[in-house]
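Student: The structure's right below; bear with me while I get my questions together.
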Amino acid sequence: SKERIAEMTMRYQLCRDVLSQVFSERQTALNAHYATLDKALGANDRELIIASLKGISSIVETNPLESFKEFTKVLDNKEETLYLDF
């Protein structure tokens, strides 16, 4: 039905937008840490090198698809209330 196709299209667009935003934010944060790491290496600043590496590690060790999986579960459950916190 047209209603089902419209619902599927909206869901696809929402999921695409959420994934794009999540990975864009992740890349921005990584770029900032790498820039700081480059400066720290240039200045031979051991503490800043370690802090930068910890920041990079904290980002790459997380799986952004886990939170996305939870998000899609809520979308799939018509009985669930979706709370937006922003």
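Identifiers in this document derive from the order of the structure tokens: chains are assigned A, B, ..., residues are numbered from 1 separately in each chain, and ligands are numbered from 1 in order of occurrence.
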Stretch 10-84 of chain A: which residues are helix (DSSP H, G or I) by DSSP, as a VMD selection string?
Tutor: chain A and resid 10 to 43 46 to 60 64 to 76
Student: Excluding same-chain residues fewer than 6 positions from stretch 6-10 of chain A, what lies within 12 Å of it counting only C-alpha atoms, as a count of residues only?
Tutor: 4
Student: Using only C-alpha atoms, which of the listed residues (A:Leu48, A:Val22, A:Ile5, A:Ala35) sits closest to A:Ser67?
Tutor: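 Using only C-alpha atoms, the shortest distance to A:Ser67 belongs to A:Val22.
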Student: Atom CA of A:Asn31 and atom CA of A:Ile49 are how many Å apart?
Tutor: 14.5 Å
Student: How far is it from atom CA of A:Gly55 to atom CA of A:Leu30, in Å with one decimal?
Tutor: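 Here the two named atoms are 8.1 Å from each other.
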Student: At what distance in Å, to one decimal, does atom CA of A:Thr28 lie from atom CA of A:Val60?
Tutor: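 According to the coordinates, atom CA of A:Val60 and atom CA of A:Thr28 are separated by 12.6 Å.
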